[in-house]
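What follows is a single structure, written as C-alpha cells, with notes after it.
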Amino acid sequence: MTIRIKLVLALILLALLLALGLTQSRVQQAMAAEGMGMSAPSFEVDPFWPKPLPNHWILGNTIGVAVDSRDHVYIVHRTEDEIFGDFREIGLKTGDSECCTPAPPILEFDPEGNLINAWGGPGEGYTWPSSNHGIEIAPNGDVWIGGNGGSDSHMLVFSRGGEFLREIGIPGYAQPDSNSTERFSRVAEIAIDEANNEAYIADGYGNKRVVVLDATTGEFKRYWGAYGNRPQDIAISYDPDAPLPTQFIGPVHCAEPSNDGLVYVCDRAADRVQVFRTDGTFVSEHQYFPQTLRQGSTWDIAFSQDPEQSYIYLADGQNMKVTVIERESMEVVYTFGDGGRQPGQFYAVHSVVTDSQGNLYTTETYEGKRLQKFVYQGMAPVTAPVQGVAWPDDEL
C-alpha cells in the first residue's frame, strides 16, 4: 500500500470520528492515549456489592449517592407509588404476595456493603420532597437532600440517624425564580466545600443557577448563571449546530467544588461542563459528546482521590457510560460501561462519587434502580478510548 493511500485512509478515519461528535482535540487525545499507553485510573465492578437488602425491600429510581468520612455510602431513592406501578400485575405493594415493598428513601451501607441504617420519608415539622433528588453528607455527618418535584423549592437536613434538623428554603412554590434569595426550584444536587464551610447547590430543574450557602446555618451567600451571568428564567432548546446559549439550558445537574478553588457545573442538556472560581467568575467551558440530544451527556461529576484531583469521572446517563477526563486539560482519556442491566453496565447512570480509597460508586435512575461499586485498581495503561464493561479480569 502506497504512502498516499495510507494517508487518504487515515484522513477518512479521522473524518468519521469527527462526524460522531468528537472534537479534533478529543480524537487526538484518544489516539495519543491508545498509541502511547498513557496511564489513568482503572476500575473493576464488584458484582457482589452491596449485599442483598432485607425485608423484601427493593429500590426505585436511585437518584443520589454520597460518601462520608468513614467511607459509608448513602443513597437516596424514590418510593412513590407510581415508581412501582409497573409491577402491579405481580402483586408488588398490594399484599398479594410476599415480595416486595420499597425500601426507606435513605439507605446507608458500610464499606463491606452491609446495610446498616435506613430511614426517611414524610414526618412532623418538615415537607418531604415530592420527588427525591440528590444527597450530600456534611463533614459533621449531617445528611442533606434535595428534590426535583414540581413544587420542591427547598432542601432538608437530617442527622446521620435521620433526626430532622432544618428546612432550607420555602416549600410549595412551583414557579421558578432564579434570582430569589429565599427559595429554590427543584434542586438537583448539593456539594459541601469543607475548607470554606460552604454548600454548593445545583438549582437546578426549575431555576437555572448555582447557589452558595453557609453550610452551618443555610444562610444565602451568592449565586450565578451560565458564564457568571445573572440567570434568567427562560426556556432554551439545545441545537448542537448552533452557538451555545449564554444561559444554562438545564437542568443544572451538578456543582462540584475542587480542592484548588474551582467549581465544575453540569449543564446537562447542553452536553457541557462550565468551570468557575468560587466567587462565580467564569473560567472555561467544555463539551462532551455534543451530538447527544434528549437528556444530554453531563449528569454528575466526581474527582479522583489523589491530592491534585487529577481526573474527573463524568456520569453520562444518556449514553450509558462513565467518562474519565484529565482535569488539567479537560480532555477525555477513555470511557467505560455500556447500556444494560448486568453488573458493570448502566441504565441511566445518574450520580457518581468516590471514597477515600479511590473506589467509584454509581446510581441509576429510571429502570436502572440500583447502586454499583467499581473497585479502584490503581493506575494502568489506557489500551483503548472505549473500554466497555469494567469486568473483573478472569486471569488468576
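Ordering of the C-alpha cells sets the chain letters (A, B, ...), residue numbers begin anew at 1 in every chain, and ligands are numbered from 1 in the order given.
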Show me, as an NGL selection string, the residues that have an atom within 10 Å of Trp57 (chain A) when counting only C-alpha atoms, minus same-chain residues fewer than 4 positions from it. :A and (52-53 or 99-104)
Neighbours of Val352 (chain A) within 6 Å (only C-alpha atoms; same-chain residues fewer than 6 positions away dropped), as an mmCIF file with N, CA and C atoms, in the first residue's frame?
data_model
loop_
_atom_site.group_PDB
_atom_site.id
_atom_site.type_symbol
_atom_site.label_atom_id
_atom_site.label_comp_id
_atom_site.auth_asym_id
_atom_site.auth_seq_id
_atom_site.Cartn_x
_atom_site.Cartn_y
_atom_site.Cartn_z
ATOM 1 N N ALA A 302 -17.463 13.435 39.781
ATOM 2 C CA ALA A 302 -16.671 13.121 40.973
ATOM 3 C C ALA A 302 -15.205 13.268 40.600
ATOM 4 N N TYR A 361 -18.557 4.842 43.031
ATOM 5 C CA TYR A 361 -19.925 4.363 43.244
ATOM 6 C C TYR A 361 -20.858 5.115 42.309
ATOM 7 N N THR A 362 -21.781 4.390 41.699
ATOM 8 C CA THR A 362 -22.738 4.995 40.787
ATOM 9 C C THR A 362 -24.152 4.576 41.164
#
Would you please extract all strand (DSSP E) residues from region 142-323 of chain A, as assigned by DSSP on the backbone, and give them as a ChimeraX atom specification? /A:143-147,154-158,164-169,187-193,198-203,209-214,220-224,252-257,262-267,272-277,282-287,300-303,311-316,321-323
Pick out the residues sitting within 6 Å of region 167-182 of chain A, and hand them over as number ranges by chain; count only C-alpha atoms, and ignore anything fewer than 3 positions along from it in its own chain. A: 150-156, 185, 206-207, 231
Out of A:Val65, A:Ile325, A:Ala188, A:Met330, which residue has the shortest atom-to-atom distance to Gly149 (chain A) when counting only C-alpha atoms? A:Ala188
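Using only C-alpha atoms, the smallest distance between any of A:Ser310, A:Gly250, A:Ala235, A:Glu331 and Gln287 (chain A) comes from A:Glu331.
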